[in-house]
file entry_27.cif (mmCIF, C-alpha atoms)
data_entry
loop_
_atom_site.label_atom_id
_atom_site.label_comp_id
_atom_site.auth_asym_id
_atom_site.auth_seq_id
_atom_site.Cartn_x
_atom_site.Cartn_y
_atom_site.Cartn_z
CA MET A 1 -15.24 -3.87 -3.81
CA PHE A 2 -11.72 -2.84 -2.78
CA GLU A 3 -12.83 -2.19 0.80
CA ASN A 4 -9.33 -3.02 2.04
CA ILE A 5 -7.52 -0.71 -0.41
CA LEU A 6 -7.53 2.54 1.53
CA PHE A 7 -6.80 6.12 0.51
CA GLN A 8 -6.24 5.42 -3.20
CA SER A 9 -8.63 6.82 -5.80
CA ALA A 10 -7.54 4.12 -8.26
CA SER A 11 -9.69 1.60 -6.40
CA THR A 12 -12.81 3.67 -7.10
CA LEU A 13 -11.92 3.95 -10.78
CA LEU A 14 -11.33 0.21 -10.99
CA ALA A 15 -14.64 -0.57 -9.26
CA ASN A 16 -16.48 1.69 -11.72
CA ASP A 17 -14.77 0.10 -14.73
CA ILE A 18 -15.63 -3.39 -13.47
CA SER A 19 -19.27 -2.42 -12.85
CA ASN A 20 -19.51 -0.83 -16.31
CA GLY A 21 -17.85 -3.78 -18.01
CA SER A 22 -15.12 -1.50 -19.35
CA LEU A 23 -12.06 -2.92 -17.59
CA PRO A 24 -9.41 -3.61 -20.27
CA GLY A 25 -7.43 -6.82 -20.49
CA SER A 26 -4.15 -5.10 -19.67
CA VAL A 27 -3.67 -2.46 -16.97
CA LEU A 28 -0.76 -0.65 -15.34
CA PHE A 29 -0.67 0.39 -11.69
CA SER A 30 1.81 3.26 -11.46
CA GLY A 31 2.91 4.87 -8.22
CA PRO A 32 5.56 5.09 -5.50
CA TYR A 33 6.86 2.24 -3.38
CA ALA A 34 4.45 1.01 -0.68
CA SER A 35 1.43 2.74 -2.19
CA GLY A 36 -0.64 -0.47 -2.34
CA LYS A 37 -0.17 -1.47 -5.99
CA LEU A 38 0.46 -5.18 -5.41
CA SER A 39 -2.31 -5.43 -2.79
CA CYS A 40 -4.71 -3.80 -5.24
CA ALA A 41 -3.59 -6.13 -8.04
CA LEU A 42 -4.24 -9.19 -5.87
CA GLU A 43 -7.61 -7.77 -4.85
CA LEU A 44 -8.54 -7.13 -8.47
CA ALA A 45 -7.68 -10.75 -9.26
CA ARG A 46 -10.01 -11.91 -6.46
CA ILE A 47 -12.87 -9.66 -7.58
CA LEU A 48 -12.62 -10.88 -11.18
CA SER A 49 -12.97 -14.50 -10.00
CA CYS A 50 -15.67 -13.87 -7.37
CA LEU A 51 -18.90 -15.83 -7.90
CA ASN A 52 -20.95 -13.09 -6.20
CA ASN A 53 -20.55 -9.31 -6.00
CA GLY A 54 -16.84 -8.99 -5.25
CA ASP A 55 -17.15 -7.86 -1.63
CA TRP A 56 -14.22 -8.75 0.65
CA SER A 57 -16.60 -10.55 2.98
CA CYS A 58 -17.60 -13.01 0.23
CA SER A 59 -16.95 -16.64 1.17
CA CYS A 60 -17.35 -18.28 -2.23
CA PRO A 61 -14.68 -20.93 -3.01
CA ASN A 62 -12.84 -18.65 -5.41
CA CYS A 63 -12.62 -15.81 -2.90
CA LEU A 64 -11.37 -18.13 -0.15
CA GLN A 65 -8.56 -19.31 -2.41
CA HIS A 66 -7.63 -15.76 -3.37
CA LYS A 67 -7.65 -14.48 0.20
CA ALA A 68 -5.18 -17.21 1.14
CA LEU A 69 -3.22 -16.56 -2.08
CA VAL A 70 -3.50 -20.15 -3.24
CA SER A 71 -5.61 -19.66 -6.36
CA PRO A 72 -4.37 -21.66 -9.38
CA ASN A 73 -5.56 -18.84 -11.63
CA VAL A 74 -3.00 -16.25 -10.50
CA LEU A 75 0.66 -15.89 -11.32
CA VAL A 76 2.90 -13.24 -9.77
CA VAL A 77 6.21 -12.45 -11.47
CA GLY A 78 8.92 -9.84 -11.27
CA PRO A 79 11.44 -8.69 -8.67
CA GLY A 80 10.49 -7.33 -5.28
CA THR A 81 11.66 -7.18 -1.67
CA ARG A 82 9.18 -9.20 0.38
CA THR A 83 11.20 -10.32 3.39
CA LEU A 84 10.69 -7.02 5.22
CA GLU A 85 6.92 -7.46 5.15
CA ILE A 86 7.37 -11.09 6.23
CA ARG A 87 9.41 -10.00 9.26
CA ALA A 88 6.85 -7.35 10.22
CA ALA A 89 3.98 -9.85 9.86
CA LYS A 90 5.96 -12.37 11.91
CA ASP A 91 6.28 -9.91 14.82
CA THR A 92 2.56 -9.19 14.61
CA LEU A 93 1.56 -12.86 14.64
CA LEU A 94 3.88 -13.71 17.52
CA TYR A 95 2.55 -10.87 19.65
CA GLN A 96 -1.11 -11.59 18.89
CA ASN A 97 -0.56 -15.26 19.76
CA VAL A 98 1.20 -14.58 23.06
CA ASN A 99 -1.56 -12.21 24.12
CA ASN A 100 -4.40 -14.40 22.84
CA SER A 101 -5.68 -11.40 20.94
CA SER A 102 -8.98 -11.18 19.10
CA HIS A 103 -6.85 -10.22 16.06
CA LEU A 104 -5.04 -13.57 16.00
CA ASP A 105 -6.83 -14.97 12.94
CA SER A 106 -6.31 -11.72 11.04
CA ALA A 107 -2.62 -11.75 11.99
CA ARG A 108 -2.39 -15.33 10.74
CA TYR A 109 -3.81 -14.32 7.35
CA LEU A 110 -1.48 -11.31 7.27
CA TYR A 111 1.52 -13.56 7.76
CA LEU A 112 0.45 -16.24 5.27
CA ARG A 113 -0.22 -13.63 2.60
CA ALA A 114 3.13 -11.93 3.24
CA VAL A 115 4.97 -15.21 2.68
CA ARG A 116 2.94 -16.20 -0.36
CA LYS A 117 3.53 -12.85 -2.03
CA LEU A 118 7.06 -14.21 -2.33
CA THR A 119 6.46 -17.93 -2.92
CA LEU A 120 3.93 -17.24 -5.69
CA ARG A 121 6.89 -16.08 -7.80
CA PHE A 122 8.33 -19.59 -7.65
CA SER A 123 5.49 -21.43 -9.37
CA PRO A 124 6.79 -24.35 -11.49
CA VAL A 125 4.77 -22.84 -14.36
CA LEU A 126 7.15 -19.88 -14.44
CA TRP A 127 10.40 -21.77 -13.88
CA ASP A 128 9.92 -24.62 -16.33
CA GLY A 129 13.20 -25.00 -18.22
CA ASP A 130 15.23 -23.07 -15.64
CA ASP A 131 17.94 -25.07 -13.86
CA LYS A 132 17.23 -23.14 -10.66
CA LEU A 133 13.90 -24.98 -10.30
CA SER A 134 15.44 -28.17 -8.95
CA LYS A 135 17.65 -26.19 -6.57
CA PHE A 136 14.97 -24.13 -4.85
CA SER A 137 12.18 -26.75 -4.89
CA PRO A 138 13.28 -28.34 -1.56
CA ILE A 139 13.34 -24.88 0.04
CA LEU A 140 9.86 -24.12 -1.25
CA GLN A 141 8.60 -27.47 -0.01
CA THR A 142 9.96 -26.76 3.49
CA ILE A 143 8.21 -23.37 3.55
CA ASN A 144 4.90 -24.89 2.48
CA GLU A 145 5.16 -27.69 5.05
CA GLU A 146 5.76 -25.16 7.83
CA LEU A 147 2.88 -22.96 6.66
CA GLU A 148 0.56 -25.98 6.81
CA LYS A 149 1.05 -25.97 10.60
CA ILE A 150 -0.45 -22.49 10.93
CA ASN A 151 -3.11 -22.56 8.23
CA PRO A 152 -6.56 -21.18 9.18
CA GLY A 153 -8.71 -23.87 10.76
CA ARG A 154 -5.81 -25.43 12.63
CA VAL A 155 -5.05 -24.81 16.27
CA ILE A 156 -2.26 -22.28 16.47
CA PRO A 157 0.93 -23.81 17.95
CA GLU A 158 2.24 -22.87 21.38
CA PRO A 159 4.34 -19.66 21.42
CA ASP A 160 7.75 -21.40 21.46
CA GLU A 161 6.77 -23.81 18.68
CA LEU A 162 5.22 -21.00 16.63
CA GLU A 163 8.39 -18.94 16.89
CA LYS A 164 10.47 -21.89 15.62
CA ILE A 165 8.11 -22.36 12.68
CA LEU A 166 8.23 -18.68 11.72
CA GLU A 167 12.01 -18.54 12.07
CA THR A 168 12.36 -21.54 9.75
CA VAL A 169 10.03 -19.93 7.20
CA GLU A 170 11.82 -16.57 7.41
CA LYS A 171 15.24 -18.15 6.95
CA ASN A 172 14.09 -20.04 3.87
CA CYS A 173 12.25 -17.04 2.43
CA GLU A 174 15.42 -14.98 2.71
CA LYS A 175 17.31 -17.69 0.84
CA LEU A 176 14.66 -17.80 -1.87
CA GLU A 177 14.66 -14.04 -2.33
CA ASN A 178 18.40 -13.42 -2.07
CA THR A 179 19.70 -16.47 -3.93
CA TYR A 180 17.13 -17.44 -6.54
CA LEU A 181 14.80 -14.55 -7.32
CA TYR A 182 15.86 -12.67 -10.43
CA ASP A 183 16.33 -8.92 -10.08
CA SER A 184 14.70 -8.41 -13.46
CA LEU A 185 12.00 -10.43 -15.18
CA PRO A 186 13.69 -13.07 -17.41
CA VAL A 187 12.40 -13.68 -20.90
CA LEU A 188 11.96 -17.41 -20.14
CA GLN A 189 9.30 -16.63 -17.54
CA ILE A 190 7.45 -14.40 -19.99
CA ARG A 191 7.41 -17.20 -22.54
CA ASN A 192 6.23 -19.66 -19.87
CA PHE A 193 3.36 -17.52 -18.61
CA SER A 194 2.42 -16.67 -22.21
CA MET A 195 1.82 -20.36 -22.89
CA TRP A 196 -0.01 -20.75 -19.55
CA ALA A 197 -2.25 -17.76 -20.33
CA ARG A 198 -3.49 -19.41 -23.51
CA LEU A 199 -4.60 -22.60 -21.75
CA SER A 200 -8.33 -22.77 -21.07
CA SER A 201 -9.63 -22.28 -17.52
CA ASN A 202 -12.77 -23.75 -16.00
CA ASN A 203 -12.73 -21.36 -13.07
CA GLY A 204 -12.98 -17.79 -14.31
CA LYS A 205 -10.35 -15.40 -15.61
CA LYS A 206 -6.65 -15.95 -15.25
CA VAL A 207 -4.58 -13.06 -13.90
CA ILE A 208 -0.88 -12.43 -14.42
CA ILE A 209 0.62 -9.78 -12.12
CA ILE A 210 3.96 -8.37 -13.27
CA GLU A 211 5.51 -6.40 -10.42
CA ASN A 212 8.18 -3.78 -11.21
CA ALA A 213 7.49 -4.20 -14.91
CA ASP A 214 10.06 -1.52 -15.73
CA CYS A 215 12.85 -3.88 -14.60
CA MET A 216 13.37 -5.84 -17.80
CA ALA A 217 16.06 -6.34 -20.39
CA ASP A 218 15.20 -5.54 -24.02
CA SER A 219 14.55 -9.18 -24.92
CA ALA A 220 12.04 -9.49 -22.08
CA ARG A 221 10.31 -6.23 -23.03
CA ASN A 222 9.91 -7.44 -26.60
CA ALA A 223 8.51 -10.79 -25.45
CA LEU A 224 6.02 -9.02 -23.16
CA LEU A 225 5.00 -6.64 -25.92
CA LYS A 226 4.24 -9.59 -28.17
CA ILE A 227 1.65 -11.11 -25.84
CA LEU A 228 0.16 -7.70 -24.97
CA GLU A 229 -0.41 -7.12 -28.67
CA GLU A 230 -2.56 -10.26 -28.86
CA PRO A 231 -3.67 -11.01 -25.27
CA PRO A 232 -5.76 -14.14 -24.57
CA GLU A 233 -9.39 -13.21 -24.03
CA GLU A 234 -9.71 -14.91 -20.63
CA THR A 235 -6.48 -13.51 -19.15
CA VAL A 236 -5.95 -10.13 -17.48
CA PHE A 237 -2.48 -8.63 -17.24
CA ILE A 238 -1.72 -6.31 -14.32
CA LEU A 239 1.61 -4.51 -14.51
CA THR A 240 2.99 -2.41 -11.65
CA THR A 241 5.78 0.16 -11.67
CA THR A 242 7.31 2.89 -9.55
CA ASN A 243 8.80 4.47 -12.68
CA ARG A 244 6.32 4.80 -15.53
CA GLY A 245 8.84 6.81 -17.53
CA ALA A 246 11.07 3.73 -17.79
CA MET A 247 8.36 1.74 -19.56
CA LEU A 248 8.46 1.30 -23.33
CA PRO A 249 5.98 3.64 -25.08
CA THR A 250 4.76 0.66 -27.10
CA ILE A 251 3.89 -1.17 -23.86
CA LEU A 252 2.24 1.93 -22.37
CA SER A 253 0.07 2.21 -25.47
CA ARG A 254 -1.36 -1.25 -24.78
CA VAL A 255 -2.31 -0.77 -21.13
CA ARG A 256 -4.64 1.54 -19.24
CA THR A 257 -2.82 3.34 -16.42
CA TYR A 258 -4.28 3.69 -12.93
CA ASN A 259 -2.25 6.08 -10.82
CA PHE A 260 -1.40 5.50 -7.15
CA PHE A 261 -0.17 8.31 -4.93
CA THR A 262 1.86 8.75 -1.77
CA ARG A 263 -0.56 8.73 1.13
CA SER A 264 -0.36 11.41 3.81
CA LYS A 265 1.58 10.72 7.01
CA GLU A 266 -1.69 10.33 8.93
CA GLN A 267 -3.13 7.93 6.34
CA GLN A 268 0.00 5.78 6.39
CA GLN A 269 -0.08 5.58 10.17
CA ILE A 270 -3.71 4.47 10.01
CA LEU A 271 -2.70 1.72 7.57
CA ILE A 272 0.17 0.55 9.77
CA SER A 273 -2.19 0.39 12.75
CA ARG A 274 -4.87 -1.50 10.83
CA LEU A 275 -2.59 -3.96 9.02
CA PHE A 276 -0.11 -4.74 11.79
CA TYR A 277 -2.27 -3.81 14.81
CA TYR A 278 0.57 -1.51 15.74
CA ASN A 279 -1.24 0.33 18.52
CA ASN A 280 -2.08 -2.99 20.13
CA THR A 281 1.36 -4.60 19.93
CA CYS A 282 3.60 -1.99 21.54
CA LEU A 283 6.42 -3.37 19.37
CA LYS A 284 7.88 0.14 19.08
CA PRO A 285 7.56 3.22 21.30
CA SER A 286 5.75 5.30 18.67
CA LEU A 287 4.22 5.08 15.24
CA PRO A 288 6.75 5.48 12.39
CA LYS A 289 6.33 8.36 9.96
CA SER A 290 5.58 6.20 6.94
CA ILE A 291 5.09 2.63 5.72
CA VAL A 292 8.58 2.78 4.20
CA ASP A 293 10.09 3.74 7.57
CA PHE A 294 8.12 0.96 9.25
CA LEU A 295 9.35 -1.73 6.83
CA GLN A 296 12.92 -0.47 6.62
CA ASP A 297 13.18 -0.88 10.37
CA TYR A 298 13.26 -4.62 9.59
CA LEU A 299 16.33 -4.36 7.33
CA SER A 300 19.41 -6.29 8.36
CA VAL A 301 21.27 -2.95 8.30
CA LYS A 302 19.67 0.23 9.60
CA PRO A 303 19.13 2.88 6.89
CA GLU A 304 21.16 5.43 8.87
CA ILE A 305 24.20 3.12 8.72
CA VAL A 306 23.82 2.78 4.95
CA ASN A 307 23.53 6.57 4.62
CA LYS A 308 26.65 7.05 6.74
CA GLN A 309 28.57 4.65 4.49
CA ALA A 310 27.33 6.49 1.39
CA GLU A 311 28.49 9.80 2.84
CA LEU A 312 31.89 8.34 3.74
CA TYR A 313 32.20 6.85 0.25
CA PHE A 314 31.49 10.12 -1.57
CA ASN A 315 33.59 12.28 0.75
CA THR A 316 36.56 9.93 0.33
CA ILE A 317 36.33 10.36 -3.43
CA ALA A 318 35.97 14.12 -2.95
CA GLU A 319 39.32 14.11 -1.13
CA GLY A 320 40.91 12.29 -4.07
CA HIS A 321 41.25 8.91 -2.35
CA VAL A 322 39.92 5.46 -3.22
CA PRO A 323 37.15 4.33 -0.83
CA ASP A 324 37.55 1.10 1.12
CA ILE A 325 34.95 -0.83 -0.85
CA PRO A 326 35.35 -4.17 1.00
CA SER A 327 34.73 -2.36 4.30
CA ILE A 328 31.64 -0.63 2.90
CA ILE A 329 30.27 -3.92 1.63
CA MET A 330 30.89 -5.56 5.00
CA GLU A 331 29.17 -2.71 6.89
CA CYS A 332 26.20 -2.95 4.52
CA LYS A 333 26.00 -6.77 4.86
CA ASN A 334 26.84 -7.35 1.20
CA PHE A 335 23.83 -5.22 0.24
CA SER A 336 21.47 -8.10 0.96
CA PRO A 337 18.62 -7.55 0.33
CA ARG A 338 19.32 -5.45 -2.76
CA ILE A 339 17.17 -2.61 -1.47
CA LEU A 340 20.20 -1.72 0.65
CA PHE A 341 22.13 -0.93 -2.53
CA THR A 342 19.30 1.33 -3.66
CA LEU A 343 19.41 3.11 -0.28
CA PHE A 344 23.18 3.48 -0.63
CA LEU A 345 22.80 5.15 -4.03
CA LYS A 346 20.10 7.44 -2.63
CA GLY A 347 22.54 8.38 0.13
CA ILE A 348 25.07 9.46 -2.52
CA VAL A 349 22.34 11.50 -4.21
CA ASP A 350 21.78 13.37 -0.95
CA VAL A 351 25.44 14.00 -0.13
CA GLN A 352 26.28 15.30 -3.60
CA SER A 353 23.34 17.71 -3.67
CA HIS A 354 25.61 20.59 -2.59
CA LEU A 355 27.06 20.57 -6.13
CA CYS A 356 23.90 22.21 -7.44
CA LYS A 357 24.78 25.49 -5.73
CA THR A 358 26.98 26.51 -8.70
CA SER A 359 26.50 26.17 -12.45
CA ALA A 360 29.69 24.11 -12.84
CA GLY A 361 28.67 21.94 -9.92
CA ALA A 362 25.19 21.44 -11.35
CA GLU A 363 26.71 20.13 -14.58
CA CYS A 364 28.82 17.67 -12.59
CA SER A 365 25.79 16.66 -10.54
CA VAL A 366 23.99 15.68 -13.74
CA LYS A 367 26.93 13.44 -14.65
CA VAL A 368 26.95 11.90 -11.18
CA MET A 369 23.22 11.18 -11.37
CA GLU A 370 23.69 9.50 -14.76
CA LYS A 371 26.34 7.19 -13.26
CA LEU A 372 24.13 6.39 -10.27
CA ARG A 373 21.19 5.49 -12.52
CA LEU A 374 23.49 3.29 -14.58
CA MET A 375 24.72 1.46 -11.48
CA HIS A 376 21.18 1.02 -10.19
CA ASN A 377 20.13 -0.58 -13.48
CA ASN A 378 23.27 -2.70 -13.69
CA VAL A 379 22.61 -4.20 -10.24
CA ASN A 380 18.82 -4.36 -10.19
CA VAL A 381 18.11 -5.14 -13.85
CA PHE A 382 21.24 -6.85 -15.16
CA ASN A 383 22.26 -8.59 -11.90
CA GLN A 384 25.73 -7.06 -11.66
CA ASN A 385 27.46 -7.84 -8.38
CA PRO A 386 27.27 -4.79 -6.03
CA ALA A 387 31.02 -5.01 -5.36
CA SER A 388 31.96 -4.76 -9.04
CA ALA A 389 29.31 -2.06 -9.53
CA LEU A 390 30.89 0.01 -6.74
CA GLU A 391 34.35 -0.43 -8.24
CA GLN A 392 33.08 0.84 -11.59
CA LEU A 393 31.18 3.70 -9.94
CA THR A 394 34.33 4.69 -8.03
CA ARG A 395 36.36 4.95 -11.24
CA ASP A 396 33.64 7.01 -12.91
CA LEU A 397 33.16 9.43 -9.99
CA MET A 398 36.89 9.88 -9.44
CA GLN A 399 37.28 10.76 -13.09
CA ILE A 400 34.46 13.32 -12.93
CA ASN A 401 35.97 14.85 -9.81
CA HIS A 402 39.52 14.95 -11.24
CA LEU A 403 38.54 16.44 -14.61
CA ASN A 404 36.66 19.20 -12.81
CA GLY A 405 39.38 20.25 -10.39
CA GLY A 406 38.19 18.36 -7.32
CA ILE A 407 34.76 19.98 -7.45
CA PHE A 408 33.22 17.39 -5.12
CA ARG A 409 34.91 18.95 -2.09
CA THR A 410 32.58 21.11 -0.02
CA ASP A 411 35.25 23.77 0.39
CA ASN A 412 35.15 24.34 -3.36
CA GLU A 413 31.63 25.72 -3.22
#
call {"tool": "encode", "arguments": {"input": "entry_27.cif", "output": "structure tokens"}}
result
Amino acid sequence: MFENILFQSASTLLANDISNGSLPGSVLFSGPYASGKLSCALELARILSCLNNGDWSCSCPNCLQHKALVSPNVLVVGPGTRTLEIRAAKDTLLYQNVNNSSHLDSARYLYLRAVRKLTLRFSPVLWDGDDKLSKFSPILQTINEELEKINPGRVIPEPDELEKILETVEKNCEKLENTYLYDSLPVLQIRNFSMWARLSSNNGKKVIIIENADCMADSARNALLKILEEPPEETVFILTTTNRGAMLPTILSRVRTYNFFTRSKEQQQILISRLFYYNNTCLKPSLPKSIVDFLQDYLSVKPEIVNKQAELYFNTIAEGHVPDIPSIIMECKNFSPRILFTLFLKGIVDVQSHLCKTSAGAECSVKVMEKLRLMHNNVNVFNQNPASALEQLTRDLMQINHLNGGIFRTDNE
């Protein structure tokens, strides 16, 4: 069990709980970004449906469906940035195909799973009653039709044709993620999967994976709490979070937490090599320092550009001037995907850190951090437009700076 979940002790604990028959019906995977929480959740879903012993090599019908991420017994909900992984898997598949590599089939599975980690969130079960369903359905159909051309068992297309297929899929996945995917789990989807969870299944346990479960409005949290209080016997709920402290205590009391940790630099490089066959592709001159660095290299805007804009933004306010927000938004490509906005806020965190060198500055830094957290939640939980969020943040930071005698300036240290 969990042979493909490397360097995380949670997989051992889960395997023991499954073997002992003590796995609860609701669990929480808590840990930093890119620590393997979603992969482990999908693997747990496969193991729970396996007709044999749960080994990755099992070829029972249930396992084959789960490996391809087409099982009807799994729902994945919640916000998440998946297009970066799709782009990385695309590069891997293209290279393996051109070089007729022995890893071609594995690269094909890698790509299909990367795409379906996104498309699973657009199941009609979840979107019933949402007017977005009719709008994104043609996009989803196009993606699925293109994926059919590269499914396992079919002859892989010629390099030029394959590249066209993958470009079409990538373009449509970006539209799905950026236009239709909610940045926080809506209460309607919780009500929909609650009804689905109570329907009987003839094919083992149902699994509902709620990624970034801390990103919910109060109404959604209350709806989730209701089903966790009386969970259906044949359904397992797997919640994931990078911020356990943001979860409601009442929800935490109803789940068992399995902790995930940041892997060492060496471990992350091993994972990059094994997942994306990095050493065999020569896509980059050297291995990146971390999985985060590897994926962020596929952003539409390089992280260093976002950091530079964040520094310019804060320093402009420090000088008592209003930043050129339209220019910042243009340089950061409208903060699409939204992870760019998160990186921008982290850049402000870094540039304002000099305030902590004095007691007065430390007090102001606390106020700045409160405003940054508020903006992060407004954009990523309550779907506020990044432009309006930046305008509000500018007013707040300029007020803090003015009321404290221009303390943001470095020459005031």
call {"tool": "closest_residue", "arguments": {"input": "entry_27.cif", "among": "A:Ala34, A:Val76, A:Leu94, A:Val155", "to": "Phe122 (chain A)", "atoms": "only C-alpha atoms"}}
result
A:Val76
call {"tool": "residues_around", "arguments": {"input": "entry_27.cif", "residues": "Glu145 (chain A)", "least_positions_apart": "5", "cutoff": "12 Å", "atoms": "only C-alpha atoms", "output": "PyMOL selection string"}}
result
chain A and resi 138-140+150-151+165-166+168-169+172
call {"tool": "resolve_selection", "arguments": {"input": "entry_27.cif", "expression": "the PyMOL selection byres ((chain A and resi 24-30) around 7)", "output": "ChimeraX atom specification"}}
result
/A:22-23,31,37,235-242,244,254-260
call {"tool": "resolve_selection", "arguments": {"input": "entry_27.cif", "expression": "the PyMOL selection byres ((chain A and resi 202) around 12)", "output": "PDB file with C-alpha atoms, in the frame of the given file"}}
result
ATOM      1  CA  SER A  49     -12.970 -14.500 -10.000  1.00  0.00           C
ATOM      2  CA  ASN A  62     -12.840 -18.650  -5.410  1.00  0.00           C
ATOM      3  CA  PRO A  72      -4.370 -21.660  -9.380  1.00  0.00           C
ATOM      4  CA  ASN A  73      -5.560 -18.840 -11.630  1.00  0.00           C
ATOM      5  CA  LEU A 199      -4.600 -22.600 -21.750  1.00  0.00           C
ATOM      6  CA  SER A 200      -8.330 -22.770 -21.070  1.00  0.00           C
ATOM      7  CA  SER A 201      -9.630 -22.280 -17.520  1.00  0.00           C
ATOM      8  CA  ASN A 203     -12.730 -21.360 -13.070  1.00  0.00           C
ATOM      9  CA  GLY A 204     -12.980 -17.790 -14.310  1.00  0.00           C
ATOM     10  CA  LYS A 205     -10.350 -15.400 -15.610  1.00  0.00           C
ATOM     11  CA  LYS A 206      -6.650 -15.950 -15.250  1.00  0.00           C
ATOM     12  CA  GLU A 234      -9.710 -14.910 -20.630  1.00  0.00           C
TER      13      GLU A 234
END
call {"tool": "atom_distance", "arguments": {"input": "entry_27.cif", "atom1": "CA of Glu85 (chain A)", "atom2": "CA of Ser290 (chain A)"}}
result
13.8 Å
call {"tool": "residues_near_point", "arguments": {"input": "entry_27.cif", "point": "(14.2, -3.8, 11.1)", "cutoff": "12 Å", "atoms": "only C-alpha atoms", "output": "ChimeraX atom specification"}}
result
/A:83-91,283-284,288,292-304
call {"tool": "atom_distance", "arguments": {"input": "entry_27.cif", "atom1": "CA of Ser39 (chain A)", "atom2": "CA of Arg154 (chain A)"}}
result
25.5 Å
call {"tool": "residues_around", "arguments": {"input": "entry_27.cif", "residues": "region 14-18 of chain A", "least_positions_apart": "5", "cutoff": "10 Å", "atoms": "only C-alpha atoms", "output": "MDAnalysis selection string"}}
result
chainID A and resid 1:2 9 23:24 40 44 47:48 54 258
call {"tool": "atom_distance", "arguments": {"input": "entry_27.cif", "atom1": "CA of Ala220 (chain A)", "atom2": "CA of Phe193 (chain A)"}}
result
12.3 Å
call {"tool": "resolve_selection", "arguments": {"input": "entry_27.cif", "expression": "the PyMOL selection byres ((chain A and resi 67) around 9)", "output": "ChimeraX atom specification"}}
result
/A:42-43,46,56,62-66,68-71,109,113
call {"tool": "decode", "arguments": {"input": "entry_27.cif", "residues": "region 184-199 of chain A", "atoms": "N, CA and C atoms", "output": "CSV table (one decimal), in the first residue's frame"}}
result
chain,number,residue,atom,x,y,z
A,184,SER,N,-13.3,29.2,-3.6
A,184,SER,CA,-13.7,28.6,-2.4
A,184,SER,C,-14.9,27.6,-2.6
A,185,LEU,N,-15.0,26.6,-1.8
A,185,LEU,CA,-16.0,25.6,-2.0
A,185,LEU,C,-17.4,26.2,-1.8
A,186,PRO,N,-18.3,26.2,-2.8
A,186,PRO,CA,-19.6,26.7,-2.6
A,186,PRO,C,-20.5,25.8,-1.9
A,187,VAL,N,-21.5,26.3,-1.2
A,187,VAL,CA,-22.4,25.5,-0.3
A,187,VAL,C,-23.2,24.6,-1.2
A,188,LEU,N,-23.5,25.1,-2.5
A,188,LEU,CA,-24.3,24.2,-3.4
A,188,LEU,C,-23.6,22.9,-3.6
A,189,GLN,N,-22.3,22.9,-3.8
A,189,GLN,CA,-21.6,21.7,-4.1
A,189,GLN,C,-21.6,20.8,-2.9
A,190,ILE,N,-21.5,21.3,-1.7
A,190,ILE,CA,-21.6,20.5,-0.5
A,190,ILE,C,-23.0,19.8,-0.4
A,191,ARG,N,-24.0,20.6,-0.7
A,191,ARG,CA,-25.3,20.0,-0.6
A,191,ARG,C,-25.5,18.9,-1.7
A,192,ASN,N,-24.9,19.1,-2.9
A,192,ASN,CA,-25.0,18.1,-3.9
A,192,ASN,C,-24.2,16.8,-3.6
A,193,PHE,N,-23.0,17.0,-3.1
A,193,PHE,CA,-22.3,15.7,-2.8
A,193,PHE,C,-22.8,15.1,-1.5
A,194,SER,N,-23.5,15.8,-0.7
A,194,SER,CA,-24.1,15.2,0.5
A,194,SER,C,-25.3,14.3,0.1
A,195,MET,N,-26.0,14.7,-0.9
A,195,MET,CA,-27.1,13.8,-1.5
A,195,MET,C,-26.5,12.6,-2.2
A,196,TRP,N,-25.4,12.9,-3.0
A,196,TRP,CA,-24.7,11.8,-3.7
A,196,TRP,C,-24.2,10.8,-2.7
A,197,ALA,N,-23.6,11.2,-1.6
A,197,ALA,CA,-23.0,10.3,-0.6
A,197,ALA,C,-23.9,9.4,0.0
A,198,ARG,N,-25.2,9.8,0.0
A,198,ARG,CA,-26.2,8.9,0.7
A,198,ARG,C,-26.9,7.9,-0.3
A,199,LEU,N,-26.5,8.0,-1.5
A,199,LEU,CA,-27.0,7.0,-2.5
A,199,LEU,C,-26.2,5.7,-2.4
